[in-house]
Amino acid sequence: MSTSISSVNAGSTAAGESAVKKSTLSNETKSRLAELGISYTEGMTEAEANAKIAEAEAQNNQQNQEQDEDSSSQSDILSEAKTLAASMGIAVDSDDVDDILDDIGAELEVMLEEAEKNPAKLSQLSSYLSQLTSLDERYDYLVNQQENLFAAMDMVSTNNKISLGLE
């Protein structure tokens, strides 16, 4: 009977050591958690920590992509519009984004009418249309944000004039 008690004690000791090993995080994992602003607890395993790290990194990547999309400048949109126009075979003389997008839209309508006789071109035209739609939406968003910024600046200016008694 003493053999079985020893076996039980050895098993519980091994289980305890295993739990201790699982709950200790490597220094690398601890530093990655700290970089991402995630607090770690004593019972956290490497797998749990790595899952939290992966989740936080995925969320950061998504936010960075959204910021990149939101921070498109007018020159970025102009460049992409000129590239789209060139790929469609449209000569662009202007640096006005509105004019270029209008030219692309007009040419796309002509191409769609011609494609009624040739359905093989529809997939390429669909791609052009989605690119045009994306550029148009991003440009409208940019213009809207600029208008909001200018309105806020006008309001601050007016408030400053009033507070200084200039108006």
# chains A, B, ... in the order shown; residues from 1 in each chain; ligands from 1

$ residues_around --residues "Asp99 of chain A" --least-positions-apart "4" --cutoff "12 Å" --atoms "only C-alpha atoms" --output "list in words"
Leu78, Ala81, Lys82, Ala85, Ala91, Val92, Asp93, Ser94, Asp95, Asp103, Ile104, Gly105, Ala106 and Asp136 of chain A

$ write_last_selection --atoms "all heavy atoms" --output "mmCIF file, in the first residue's frame"
data_model
loop_
_atom_site.group_PDB
_atom_site.id
_atom_site.type_symbol
_atom_site.label_atom_id
_atom_site.label_comp_id
_atom_site.auth_asym_id
_atom_site.auth_seq_id
_atom_site.Cartn_x
_atom_site.Cartn_y
_atom_site.Cartn_z
ATOM 1 N N LEU A 78 -5.354 61.274 -56.822
ATOM 2 C CA LEU A 78 -5.048 61.739 -58.175
ATOM 3 C C LEU A 78 -4.159 60.738 -58.901
ATOM 4 O O LEU A 78 -4.404 60.387 -60.059
ATOM 5 C CB LEU A 78 -4.369 63.119 -58.124
ATOM 6 C CG LEU A 78 -3.888 63.696 -59.451
ATOM 7 C CD1 LEU A 78 -5.063 63.957 -60.380
ATOM 8 C CD2 LEU A 78 -3.103 64.968 -59.224
ATOM 9 N N ALA A 81 -6.149 57.664 -59.769
ATOM 10 C CA ALA A 81 -7.097 57.949 -60.845
ATOM 11 C C ALA A 81 -6.374 58.005 -62.189
ATOM 12 O O ALA A 81 -6.867 57.476 -63.191
ATOM 13 C CB ALA A 81 -7.826 59.272 -60.573
ATOM 14 N N LYS A 82 -5.191 58.614 -62.211
ATOM 15 C CA LYS A 82 -4.421 58.657 -63.454
ATOM 16 C C LYS A 82 -3.980 57.260 -63.877
ATOM 17 O O LYS A 82 -3.985 56.937 -65.062
ATOM 18 C CB LYS A 82 -3.196 59.566 -63.289
ATOM 19 C CG LYS A 82 -3.537 61.040 -63.318
ATOM 20 C CD LYS A 82 -2.281 61.885 -63.260
ATOM 21 C CE LYS A 82 -2.596 63.350 -63.404
ATOM 22 N NZ LYS A 82 -1.374 64.176 -63.422
ATOM 23 N N ALA A 85 -7.007 55.560 -65.322
ATOM 24 C CA ALA A 85 -7.279 56.116 -66.646
ATOM 25 C C ALA A 85 -6.298 55.549 -67.676
ATOM 26 O O ALA A 85 -6.692 55.169 -68.784
ATOM 27 C CB ALA A 85 -7.206 57.635 -66.610
ATOM 28 N N ALA A 91 -6.504 59.226 -72.158
ATOM 29 C CA ALA A 91 -5.487 60.262 -72.018
ATOM 30 C C ALA A 91 -6.007 61.328 -71.061
ATOM 31 O O ALA A 91 -7.128 61.808 -71.197
ATOM 32 C CB ALA A 91 -5.175 60.878 -73.373
ATOM 33 N N VAL A 92 -5.178 61.674 -70.070
ATOM 34 C CA VAL A 92 -5.575 62.639 -69.047
ATOM 35 C C VAL A 92 -4.675 63.859 -69.157
ATOM 36 O O VAL A 92 -3.454 63.750 -69.082
ATOM 37 C CB VAL A 92 -5.454 62.012 -67.638
ATOM 38 C CG1 VAL A 92 -5.801 63.022 -66.574
ATOM 39 C CG2 VAL A 92 -6.329 60.788 -67.524
ATOM 40 N N ASP A 93 -5.309 65.020 -69.346
ATOM 41 C CA ASP A 93 -4.549 66.261 -69.448
ATOM 42 C C ASP A 93 -4.636 67.097 -68.173
ATOM 43 O O ASP A 93 -3.831 67.981 -67.957
ATOM 44 C CB ASP A 93 -5.085 67.109 -70.612
ATOM 45 C CG ASP A 93 -4.887 66.424 -71.954
ATOM 46 O OD1 ASP A 93 -3.926 65.638 -72.074
ATOM 47 O OD2 ASP A 93 -5.695 66.667 -72.871
ATOM 48 N N SER A 94 -5.605 66.819 -67.362
ATOM 49 C CA SER A 94 -5.899 67.644 -66.196
ATOM 50 C C SER A 94 -5.314 67.032 -64.927
ATOM 51 O O SER A 94 -5.031 65.846 -64.861
ATOM 52 C CB SER A 94 -7.421 67.764 -66.049
ATOM 53 O OG SER A 94 -7.760 68.400 -64.853
ATOM 54 N N ASP A 95 -5.142 67.878 -63.915
ATOM 55 C CA ASP A 95 -4.756 67.407 -62.592
ATOM 56 C C ASP A 95 -5.920 67.552 -61.617
ATOM 57 O O ASP A 95 -5.727 67.472 -60.406
ATOM 58 C CB ASP A 95 -3.552 68.192 -62.068
ATOM 59 C CG ASP A 95 -2.246 67.686 -62.647
ATOM 60 O OD1 ASP A 95 -2.212 66.539 -63.142
ATOM 61 O OD2 ASP A 95 -1.257 68.430 -62.594
ATOM 62 N N ASP A 103 -14.188 61.723 -66.556
ATOM 63 C CA ASP A 103 -13.735 61.155 -67.832
ATOM 64 C C ASP A 103 -13.736 59.630 -67.789
ATOM 65 O O ASP A 103 -14.141 58.970 -68.751
ATOM 66 C CB ASP A 103 -12.328 61.656 -68.183
ATOM 67 C CG ASP A 103 -12.286 63.138 -68.527
ATOM 68 O OD1 ASP A 103 -13.366 63.730 -68.768
ATOM 69 O OD2 ASP A 103 -11.171 63.709 -68.552
ATOM 70 N N ILE A 104 -13.282 59.088 -66.679
ATOM 71 C CA ILE A 104 -13.266 57.628 -66.533
ATOM 72 C C ILE A 104 -14.689 57.083 -66.557
ATOM 73 O O ILE A 104 -14.974 56.078 -67.229
ATOM 74 C CB ILE A 104 -12.544 57.213 -65.229
ATOM 75 C CG1 ILE A 104 -11.055 57.536 -65.314
ATOM 76 C CG2 ILE A 104 -12.753 55.731 -64.951
ATOM 77 C CD1 ILE A 104 -10.293 57.354 -64.009
ATOM 78 N N GLY A 105 -15.596 57.750 -65.868
ATOM 79 C CA GLY A 105 -16.993 57.312 -65.846
ATOM 80 C C GLY A 105 -17.623 57.353 -67.226
ATOM 81 O O GLY A 105 -18.334 56.417 -67.618
ATOM 82 N N ALA A 106 -17.359 58.420 -67.960
ATOM 83 C CA ALA A 106 -17.914 58.541 -69.317
ATOM 84 C C ALA A 106 -17.361 57.450 -70.227
ATOM 85 O O ALA A 106 -18.110 56.825 -70.993
ATOM 86 C CB ALA A 106 -17.606 59.922 -69.884
ATOM 87 N N ASP A 136 -13.946 57.263 -56.140
ATOM 88 C CA ASP A 136 -14.958 58.302 -55.991
ATOM 89 C C ASP A 136 -15.391 58.442 -54.533
ATOM 90 O O ASP A 136 -15.506 59.566 -54.015
ATOM 91 C CB ASP A 136 -16.156 57.986 -56.880
ATOM 92 C CG ASP A 136 -17.089 59.163 -57.047
ATOM 93 O OD1 ASP A 136 -16.584 60.312 -57.137
ATOM 94 O OD2 ASP A 136 -18.316 58.957 -57.098
#

$ residues_around --residues "Asn50 of chain A" --least-positions-apart "2" --cutoff "12 Å" --atoms "only C-alpha atoms" --output "ChimeraX atom specification"
/A:25-26,28-33,36,38,40,44-48,52-57

$ write_last_selection --atoms "N, CA, C and O atoms" --output "compact mmCIF listing (two decimals), in the first residue's frame"
# COMPACT_ATOMS: atom_id res chain seq x y z
N LEU A 25 5.55 32.63 -18.02
CA LEU A 25 5.67 33.11 -19.39
C LEU A 25 7.12 33.45 -19.67
O LEU A 25 7.85 33.91 -18.78
N SER A 26 7.52 33.26 -20.90
CA SER A 26 8.88 33.61 -21.27
C SER A 26 9.03 35.13 -21.24
O SER A 26 8.05 35.88 -21.33
N GLU A 28 10.27 36.97 -23.50
CA GLU A 28 9.85 37.50 -24.81
C GLU A 28 8.34 37.72 -24.85
O GLU A 28 7.87 38.77 -25.30
N THR A 29 7.59 36.74 -24.36
CA THR A 29 6.13 36.86 -24.35
C THR A 29 5.70 37.99 -23.43
O THR A 29 4.81 38.78 -23.77
N LYS A 30 6.34 38.09 -22.27
CA LYS A 30 6.00 39.17 -21.34
C LYS A 30 6.26 40.54 -21.97
O LYS A 30 5.46 41.46 -21.84
N SER A 31 7.37 40.67 -22.68
CA SER A 31 7.68 41.95 -23.30
C SER A 31 6.72 42.27 -24.44
O SER A 31 6.32 43.42 -24.63
N ARG A 32 6.31 41.25 -25.20
CA ARG A 32 5.34 41.48 -26.28
C ARG A 32 3.99 41.90 -25.71
O ARG A 32 3.33 42.78 -26.26
N LEU A 33 3.60 41.26 -24.59
CA LEU A 33 2.36 41.66 -23.94
C LEU A 33 2.43 43.10 -23.46
O LEU A 33 1.49 43.88 -23.63
N LEU A 36 2.12 45.67 -26.24
CA LEU A 36 0.75 45.81 -26.74
C LEU A 36 -0.21 46.33 -25.68
O LEU A 36 -1.39 46.52 -25.95
N ILE A 38 -1.10 44.79 -22.88
CA ILE A 38 -1.92 43.72 -22.32
C ILE A 38 -1.32 43.31 -20.98
O ILE A 38 -0.13 43.02 -20.90
N TYR A 40 -0.73 40.72 -17.96
CA TYR A 40 -0.74 39.27 -17.84
C TYR A 40 -0.94 38.89 -16.39
O TYR A 40 -0.57 39.61 -15.48
N MET A 44 -1.70 32.65 -16.44
CA MET A 44 -1.76 32.68 -17.90
C MET A 44 -0.71 31.74 -18.50
O MET A 44 0.44 31.74 -18.11
N THR A 45 -1.15 30.96 -19.48
CA THR A 45 -0.24 30.05 -20.16
C THR A 45 0.34 30.75 -21.39
O THR A 45 -0.17 31.78 -21.83
N GLU A 46 1.38 30.16 -21.95
CA GLU A 46 1.99 30.68 -23.18
C GLU A 46 0.95 30.73 -24.30
O GLU A 46 0.88 31.69 -25.05
N ALA A 47 0.15 29.68 -24.40
CA ALA A 47 -0.86 29.62 -25.46
C ALA A 47 -1.88 30.74 -25.31
O ALA A 47 -2.25 31.39 -26.30
N GLU A 48 -2.33 30.98 -24.08
CA GLU A 48 -3.30 32.06 -23.85
C GLU A 48 -2.67 33.42 -24.17
O GLU A 48 -3.29 34.27 -24.79
N LYS A 52 -3.77 36.11 -27.07
CA LYS A 52 -4.07 37.53 -26.82
C LYS A 52 -3.18 38.43 -27.66
O LYS A 52 -3.61 39.47 -28.17
N ILE A 53 -1.93 38.05 -27.83
CA ILE A 53 -1.00 38.83 -28.65
C ILE A 53 -1.47 38.84 -30.10
O ILE A 53 -1.52 39.89 -30.75
N ALA A 54 -1.85 37.67 -30.62
CA ALA A 54 -2.32 37.58 -32.00
C ALA A 54 -3.58 38.41 -32.21
O ALA A 54 -3.72 39.12 -33.22
N GLU A 55 -4.48 38.37 -31.23
CA GLU A 55 -5.72 39.14 -31.33
C GLU A 55 -5.43 40.64 -31.33
O GLU A 55 -5.98 41.40 -32.14
N ALA A 56 -4.55 41.08 -30.45
CA ALA A 56 -4.21 42.50 -30.37
C ALA A 56 -3.49 42.96 -31.64
O ALA A 56 -3.76 44.06 -32.15
N GLU A 57 -2.59 42.14 -32.17
CA GLU A 57 -1.88 42.51 -33.39
C GLU A 57 -2.83 42.58 -34.57
O GLU A 57 -2.72 43.47 -35.41

$ select_by_dssp --residues "segment 45-130 of chain A" --states "alpha helix (DSSP H)" --output "PyMOL selection string"
chain A and resi 46-70+74-88+97-115+122-130

$ residues_around --residues "Gln124 of chain A" --least-positions-apart "2" --cutoff "12 Å" --atoms "only C-alpha atoms" --output "PyMOL selection string"
chain A and resi 87-88+108+111-112+115+118-122+126-131

$ atom_distance --atom1 "atom CA of Leu101 of chain A" --atom2 "atom CA of Leu149 of chain A"
23.8 Å

$ atom_distance --atom1 "atom CA of Ile77 of chain A" --atom2 "atom CA of Ala151 of chain A"
23.0 Å

$ closest_residue --among "A:Ile100, A:Met155, A:Leu135, A:Val143" --to "Ala86 of chain A" --atoms "only C-alpha atoms"
A:Ile100
